[in-house]
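K.L.:
So I've got this file, my_file12.cif, and it contains mmCIF, C-alpha atoms:
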data_start
loop_
_atom_site.label_atom_id
_atom_site.label_comp_id
_atom_site.auth_asym_id
_atom_site.auth_seq_id
_atom_site.Cartn_x
_atom_site.Cartn_y
_atom_site.Cartn_z
CA MET H 638 205.32 78.37 90.57
CA SER H 639 202.82 78.74 93.40
CA THR H 640 199.41 77.31 93.62
CA LEU H 641 196.59 79.43 95.09
CA THR H 642 194.38 77.29 97.13
CA THR H 643 191.05 78.61 98.31
CA THR H 644 189.78 77.03 101.42
CA ALA H 645 186.14 77.51 102.18
CA ASP H 646 185.47 77.99 105.83
CA ALA H 647 182.67 75.80 106.94
CA SER H 648 180.44 78.10 108.95
CA PRO H 649 178.61 76.43 111.82
CA ALA H 650 174.94 75.87 111.18
CA ALA H 651 172.73 78.37 112.98
CA PRO H 652 170.70 76.73 115.73
CA ALA H 653 167.13 76.16 114.69
CA ARG H 654 164.71 78.57 116.34
CA PRO H 655 161.86 76.93 118.18
CA ALA H 656 158.58 77.26 116.36
CA TYR H 657 156.02 79.09 118.45
CA ARG H 658 152.40 78.92 117.39
CA VAL H 659 149.75 81.37 118.49
CA THR H 660 147.02 79.21 119.96
CA GLY H 661 143.87 80.08 121.82
CA ARG H 662 145.19 78.49 125.00
CA ARG H 663 148.37 80.56 124.91
CA VAL H 664 146.48 83.79 124.27
CA LEU H 665 144.19 82.99 127.20
CA ALA H 666 147.19 82.27 129.42
CA SER H 667 148.79 85.56 128.37
CA GLU H 668 145.67 87.57 129.16
CA TRP H 669 145.28 85.77 132.48
CA ALA H 670 148.84 86.69 133.45
CA LYS H 671 148.40 90.31 132.37
CA LEU H 672 145.14 90.66 134.31
CA TRP H 673 146.63 89.55 137.62
CA SER H 674 149.83 91.53 137.15
CA LEU H 675 147.92 94.81 137.52
CA ARG H 676 147.43 96.33 140.96
CA SER H 677 144.15 97.86 139.79
CA THR H 678 142.75 94.34 139.31
CA TRP H 679 143.14 93.42 142.96
CA ILE H 680 141.91 96.79 144.21
CA THR H 681 138.83 97.01 141.97
CA LEU H 682 137.79 93.38 142.47
CA GLY H 683 138.14 93.92 146.20
CA LEU H 684 135.93 97.00 145.98
CA GLY H 685 133.32 95.12 143.98
CA LEU H 686 133.23 92.34 146.55
CA LEU H 687 133.12 94.88 149.38
CA PHE H 688 130.23 96.76 147.78
CA LEU H 689 128.20 93.58 147.41
CA VAL H 690 128.68 92.37 150.96
CA ALA H 691 128.84 95.67 152.84
CA PHE H 692 125.79 97.31 151.27
CA GLY H 693 123.79 94.11 151.57
CA VAL H 694 124.61 93.82 155.27
CA ILE H 695 123.94 97.54 155.86
CA ALA H 696 120.53 97.28 154.17
CA ALA H 697 119.61 94.21 156.23
CA ALA H 698 120.77 95.88 159.46
CA HIS H 699 118.78 99.02 158.63
CA TYR H 700 115.67 96.93 158.01
CA ARG H 701 116.17 95.05 161.26
CA SER H 702 116.54 98.25 163.28
CA GLY H 703 113.32 99.65 161.82
CA ILE H 704 111.12 96.67 162.71
CA GLY H 705 108.23 97.86 164.85
CA SER H 706 109.20 101.49 164.43
CA ALA H 707 106.74 104.09 163.23
CA HIS H 708 109.50 105.69 161.19
CA GLN H 709 110.40 102.65 159.12
CA ASP H 710 111.34 103.54 155.55
CA ARG H 711 108.49 102.78 153.17
CA ASP H 712 110.99 101.37 150.65
CA PHE H 713 111.62 98.50 153.08
CA ALA H 714 107.94 97.72 153.68
CA THR H 715 107.92 94.80 151.22
CA ALA H 716 111.64 93.97 151.42
CA THR H 717 112.90 90.42 151.58
CA ALA H 718 116.22 88.99 152.63
CA LEU H 719 117.02 88.55 148.94
CA SER H 720 116.25 92.11 147.88
CA LEU H 721 118.15 93.47 150.88
CA SER H 722 121.22 91.33 150.20
CA LEU H 723 121.31 92.41 146.53
CA PHE H 724 121.21 96.09 147.45
CA GLY H 725 124.89 96.48 146.57
CA THR H 726 124.57 95.06 143.05
CA ASN H 727 124.24 98.50 141.45
CA PHE H 728 127.48 99.62 143.09
CA ALA H 729 129.36 96.41 142.32
CA GLN H 730 128.41 96.58 138.65
CA LEU H 731 130.22 99.90 138.36
CA ALA H 732 133.40 98.51 139.92
CA LEU H 733 133.44 95.42 137.70
CA GLY H 734 132.40 97.32 134.57
CA VAL H 735 135.07 99.96 135.11
CA LEU H 736 137.73 97.27 135.56
CA GLY H 737 136.55 95.67 132.33
CA VAL H 738 137.13 98.97 130.54
CA LEU H 739 140.59 99.27 132.09
CA VAL H 740 141.53 95.75 130.97
CA THR H 741 141.28 96.76 127.31
CA ALA H 742 141.42 100.57 127.09
CA GLY H 743 144.34 100.63 129.51
CA GLU H 744 146.54 98.94 126.90
CA TYR H 745 145.66 101.63 124.36
CA SER H 746 146.54 104.41 126.78
CA THR H 747 149.95 102.89 127.58
CA GLY H 748 150.71 101.74 124.05
CA THR H 749 151.21 98.09 125.03
CA ILE H 750 148.39 97.12 122.67
CA ARG H 751 150.95 97.34 119.82
CA SER H 752 153.03 94.58 121.39
CA THR H 753 149.94 92.51 122.06
CA LEU H 754 148.71 92.70 118.47
CA ALA H 755 152.21 92.12 117.10
CA ALA H 756 152.25 88.84 119.02
CA VAL H 757 148.70 87.98 117.90
CA PRO H 758 148.37 89.39 114.37
CA ARG H 759 144.86 88.03 113.84
CA ARG H 760 143.67 90.43 116.60
CA LEU H 761 140.26 88.94 117.34
CA PRO H 762 141.62 86.19 119.63
CA VAL H 763 142.90 89.01 121.86
CA LEU H 764 139.39 90.43 122.28
CA TRP H 765 137.78 87.02 122.84
CA SER H 766 140.44 86.08 125.39
CA LYS H 767 140.21 89.34 127.32
CA ALA H 768 136.41 89.10 127.42
CA ALA H 769 136.45 85.43 128.44
CA VAL H 770 139.12 85.81 131.13
CA PHE H 771 137.69 88.90 132.77
CA GLY H 772 134.09 87.75 132.32
CA LEU H 773 134.91 84.54 134.19
CA VAL H 774 136.68 86.45 136.98
CA ALA H 775 133.78 88.90 137.32
CA LEU H 776 131.31 85.98 137.35
CA VAL H 777 133.16 84.22 140.17
CA VAL H 778 133.60 87.40 142.24
CA GLY H 779 129.99 88.46 141.69
CA THR H 780 128.54 85.04 142.53
CA LEU H 781 130.70 84.72 145.63
CA GLY H 782 129.73 88.21 146.76
CA VAL H 783 125.97 87.77 146.39
CA PHE H 784 125.96 84.44 148.23
CA VAL H 785 128.01 85.87 151.11
CA ALA H 786 125.77 88.93 151.22
CA PHE H 787 122.63 86.80 151.25
CA LEU H 788 123.84 84.45 153.97
CA SER H 789 124.89 87.42 156.12
CA GLY H 790 121.72 89.39 155.46
CA SER H 791 119.35 86.48 155.99
CA HIS H 792 120.97 85.87 159.37
CA LEU H 793 120.36 89.49 160.36
CA VAL H 794 116.68 89.46 159.36
CA SER H 795 115.83 86.00 160.71
CA GLY H 796 112.58 86.07 162.66
CA THR H 797 111.25 89.06 160.71
CA PRO H 798 108.74 89.20 157.81
CA ALA H 799 111.71 89.48 155.43
CA ALA H 800 113.25 86.18 156.59
CA MET H 801 114.18 83.89 153.74
CA GLY H 802 116.62 81.00 153.22
CA LEU H 803 118.37 79.33 150.33
CA GLY H 804 115.61 76.74 150.22
CA HIS H 805 112.99 79.37 149.40
CA ALA H 806 111.63 79.06 145.86
CA GLY H 807 113.64 81.13 143.39
CA VAL H 808 116.38 82.30 145.77
CA VAL H 809 119.26 80.27 144.33
CA ARG H 810 118.14 81.12 140.79
CA SER H 811 118.11 84.82 141.67
CA LEU H 812 121.55 84.71 143.28
CA LEU H 813 123.05 82.87 140.32
CA GLY H 814 121.33 85.33 137.99
CA ALA H 815 122.89 88.25 139.85
CA GLY H 816 126.34 86.69 139.56
CA LEU H 817 125.84 86.06 135.85
CA TYR H 818 124.64 89.64 135.36
CA LEU H 819 127.80 91.03 136.98
CA GLY H 820 129.95 88.73 134.84
CA LEU H 821 128.27 89.98 131.66
CA VAL H 822 128.68 93.60 132.79
CA GLY H 823 132.41 92.90 132.98
CA VAL H 824 132.35 91.56 129.40
CA ILE H 825 130.50 94.67 128.21
CA GLY H 826 133.17 96.79 129.92
CA THR H 827 135.95 95.03 127.99
CA ALA H 828 134.02 95.51 124.75
CA LEU H 829 133.52 99.24 125.40
CA GLY H 830 137.20 99.66 126.19
CA THR H 831 138.14 98.08 122.86
CA LEU H 832 135.50 99.99 120.93
CA LEU H 833 136.25 103.46 122.32
CA ARG H 834 139.97 102.96 123.11
CA SER H 835 139.64 105.46 125.92
CA VAL H 836 139.34 104.79 129.63
CA ALA H 837 137.30 107.95 130.24
CA GLY H 838 135.08 107.35 127.21
CA GLY H 839 134.43 103.71 128.07
CA ILE H 840 133.56 104.48 131.69
CA SER H 841 131.29 107.35 130.63
CA VAL H 842 129.32 105.19 128.21
CA LEU H 843 129.10 102.36 130.74
CA VAL H 844 127.78 104.59 133.52
CA GLY H 845 125.44 106.41 131.17
CA THR H 846 123.98 103.19 129.79
CA LEU H 847 123.45 101.48 133.14
CA MET H 848 122.43 104.44 135.31
CA LEU H 849 121.58 107.60 133.35
CA VAL H 850 119.54 106.26 130.43
CA PRO H 851 116.91 104.58 132.70
CA GLY H 852 116.39 107.92 134.45
CA LEU H 853 115.91 109.70 131.13
CA ILE H 854 113.45 107.06 129.94
CA SER H 855 111.39 107.66 133.09
CA LEU H 856 110.66 111.17 131.76
CA LEU H 857 108.81 109.74 128.77
CA PRO H 858 105.05 109.09 128.78
CA SER H 859 104.05 105.97 130.69
CA SER H 860 102.88 104.17 127.56
CA TRP H 861 106.33 104.62 126.02
CA GLN H 862 108.12 103.56 129.21
CA ASP H 863 106.26 100.25 129.31
CA HIS H 864 107.50 99.38 125.83
CA ILE H 865 111.08 100.65 126.14
CA SER H 866 112.22 100.21 129.74
CA PRO H 867 112.08 96.38 129.93
CA TYR H 868 114.58 96.14 127.07
CA LEU H 869 117.17 98.50 128.49
CA PRO H 870 120.36 96.73 129.65
CA SER H 871 119.81 97.71 133.29
CA ASP H 872 116.16 96.62 133.41
CA ALA H 873 116.76 93.42 131.47
CA GLY H 874 119.65 92.60 133.80
CA GLU H 875 117.56 93.29 136.88
CA SER H 876 114.87 90.91 135.65
CA MET H 877 117.53 88.16 135.62
CA PHE H 878 117.78 88.19 139.42
CA ALA H 879 114.43 89.61 140.53
CA LEU H 880 112.42 87.19 142.64
CA THR H 881 109.04 88.51 141.49
CA HIS H 882 108.05 90.28 138.29
CA ASP H 883 105.23 92.69 137.49
CA ALA H 884 103.27 92.77 134.25
CA THR H 885 105.70 95.15 132.51
CA ALA H 886 108.93 93.34 133.44
CA LEU H 887 110.57 90.56 131.46
CA SER H 888 110.80 87.02 132.78
CA PRO H 889 114.26 85.86 133.97
CA GLY H 890 114.81 83.89 130.77
CA ALA H 891 113.71 86.73 128.50
CA GLY H 892 115.80 89.21 130.49
CA LEU H 893 118.85 86.96 130.06
CA LEU H 894 118.31 86.76 126.30
CA VAL H 895 117.96 90.54 126.00
CA PHE H 896 121.06 91.18 128.08
CA LEU H 897 123.02 88.60 126.08
CA GLY H 898 121.90 90.47 122.97
CA TRP H 899 123.32 93.74 124.33
CA THR H 900 126.55 91.96 125.25
CA ALA H 901 126.85 90.43 121.78
CA LEU H 902 126.18 93.83 120.18
CA ALA H 903 128.95 95.47 122.21
CA LEU H 904 131.39 92.67 121.35
CA ALA H 905 130.49 92.81 117.65
CA ALA H 906 131.09 96.58 117.51
CA ALA H 907 134.40 96.17 119.36
CA ALA H 908 135.49 93.35 117.03
CA HIS H 909 134.66 95.42 113.94
CA ARG H 910 136.76 98.36 115.07
CA LEU H 911 139.62 96.16 116.27
CA VAL H 912 139.90 94.53 112.83
CA ARG H 913 139.25 97.61 110.70
CA SER H 914 141.23 100.31 112.53
CA ASP H 915 144.91 100.75 113.17
CA VAL H 916 146.19 100.95 116.72
#
Would you mind writing the structure in this file as structure tokens?
P.N.:
Amino acid sequence: MSTLTTTADASPAAPARPAYRVTGRRVLASEWAKLWSLRSTWITLGLGLLFLVAFGVIAAAHYRSGIGSAHQDRDFATATALSLSLFGTNFAQLALGVLGVLVTAGEYSTGTIRSTLAAVPRRLPVLWSKAAVFGLVALVVGTLGVFVAFLSGSHLVSGTPAAMGLGHAGVVRSLLGAGLYLGLVGVIGTALGTLLRSVAGGISVLVGTLMLVPGLISLLPSSWQDHISPYLPSDAGESMFALTHDATALSPGAGLLVFLGWTALALAAAAHRLVRSDV
């Protein structure tokens, strides 16, 4: 007689997997790492900084060379060191805005957005983190660029009617306003990239909004222009860093509020599509 004995093998307990929580700090750190891992980030930020400084210095040098000349450009007749140093702002805004589009739309074009949203299922923290990280970078680069451009340009035009220093009333406020404007343009770029999910589409809308629409509005009757132009993103942004304002322009505070409104509108539209649409 044999006895069948069943011996249960004690299987080793599986090691407990570490619990990872998706937190705002970790999403921010992830977006920070992704931003600086792209070669386009370094190139485009460098171009934005170059545009700010180079065009500001070129404008100041051109003004200096025309002093006392009968052929001085009439556009420089009332120029100041501040207006000359901010000459490159329109070019820098394109570089920073385009990079903002690439930060978000680039992930859609490569398909990596699927991995990003799989790691952050709630989705919206991704948009807020991208906008915050790149907006901060654009703010720092823009502020640094305008201060370097002003210090260089004011040195070139010292001793001329355009001479102006940091101690002049409104100069520091204007320079900080220009840096803030460029930072918000970067945020709008990230929002457009998320909303349109296309690099070409985002860049087209950005350029059209900041550069083409003001030209089209100028074709309207003057009475219409006075009521529409001040509230366009480009005009409202310009009023943030303008040293003087005419009767039709917004004050710096009002211009900031209007431009913040446009930024919030772009982010709200991007957030709605990010939540409602599949990737």
K.L.:
With all atoms listed in the file as the atoms that count, which of H:Leu721, H:Ala800, H:Val916, H:Leu897 lies nearest to Ala755 of chain H?
P.N.:
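The closest residue to Ala755 of chain H is H:Val916.
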K.L.:
Hey, what comes out of the PyMOL selection byres ((chain H and resi 756-759) around 10) on this file? Could you write it as number ranges by chain?
P.N.:
H: 658-660, 664, 750-755, 760-763, 911-912
K.L.:
Got a sec: who's within 12 Å of Phe878 of chain H, counting only C-alpha atoms, leaving out chain neighbours fewer than 2 positions off, as a PyMOL selection string?
P.N.:
chain H and resi 719-720+722-724+726+780+783+807-819+871-876+880-882+886-893
K.L.:
Could you work out how far atom CA of Ala905 of chain H lies from atom CA of Leu739 of chain H, giving the answer in Å with one decimal?
P.N.:
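Going from atom CA of Leu739 of chain H over to atom CA of Ala905 of chain H, I get 18.8 Å.
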K.L.:
Could you tell me how far atom CA of Gly734 of chain H sits from atom CA of Val822 of chain H, in Å to one decimal place?
P.N.:
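Going from atom CA of Val822 of chain H over to atom CA of Gly734 of chain H, I get 5.6 Å.
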K.L.:
Counting all atoms listed in the file, figure out which residue out of H:Ala907, H:Val770, H:Ala691, H:Ile704 gets nearest to Gly820 of chain H.
P.N.:
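For Gly820 of chain H, the nearest of the given residues is H:Val770.
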K.L.:
Counting all atoms listed in the file, which residues have an atom no more than 12 Å from (118.6, 103.9, 132.2) in the file's coordinates? Please list them as a CSV table (one decimal) with C-alpha atoms, in the coordinates of the input.
P.N.:
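Result went into point.csv, see below:
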chain,number,residue,atom,x,y,z
H,842,VAL,CA,129.3,105.2,128.2
H,843,LEU,CA,129.1,102.4,130.7
H,844,VAL,CA,127.8,104.6,133.5
H,845,GLY,CA,125.4,106.4,131.2
H,846,THR,CA,124.0,103.2,129.8
H,847,LEU,CA,123.4,101.5,133.1
H,848,MET,CA,122.4,104.4,135.3
H,849,LEU,CA,121.6,107.6,133.4
H,850,VAL,CA,119.5,106.3,130.4
H,851,PRO,CA,116.9,104.6,132.7
H,852,GLY,CA,116.4,107.9,134.4
H,853,LEU,CA,115.9,109.7,131.1
H,854,ILE,CA,113.4,107.1,129.9
H,855,SER,CA,111.4,107.7,133.1
H,856,LEU,CA,110.7,111.2,131.8
H,857,LEU,CA,108.8,109.7,128.8
H,862,GLN,CA,108.1,103.6,129.2
H,865,ILE,CA,111.1,100.6,126.1
H,866,SER,CA,112.2,100.2,129.7
H,867,PRO,CA,112.1,96.4,129.9
H,868,TYR,CA,114.6,96.1,127.1
H,869,LEU,CA,117.2,98.5,128.5
H,870,PRO,CA,120.4,96.7,129.6
H,871,SER,CA,119.8,97.7,133.3
H,872,ASP,CA,116.2,96.6,133.4
H,873,ALA,CA,116.8,93.4,131.5
H,874,GLY,CA,119.6,92.6,133.8
H,875,GLU,CA,117.6,93.3,136.9
K.L.:
Considering all atoms listed in the file, can you say which of H:Ala697, H:Gly737, H:Ser674, H:His805 comes closest to His792 of chain H?
P.N.:
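Comparing H:Ala697, H:Gly737, H:Ser674, H:His805 against His792 of chain H, the winner is H:Ala697.
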K.L.:
What's the 6 Å shell around Ala742 of chain H, counting only C-alpha atoms, without same-chain residues fewer than 3 positions away, as a list in words?
P.N.:
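Result of the neighbour search: Val738, Leu739, Tyr745, Gly830, Thr831, Arg834, Ser835 and Val836 of chain H.
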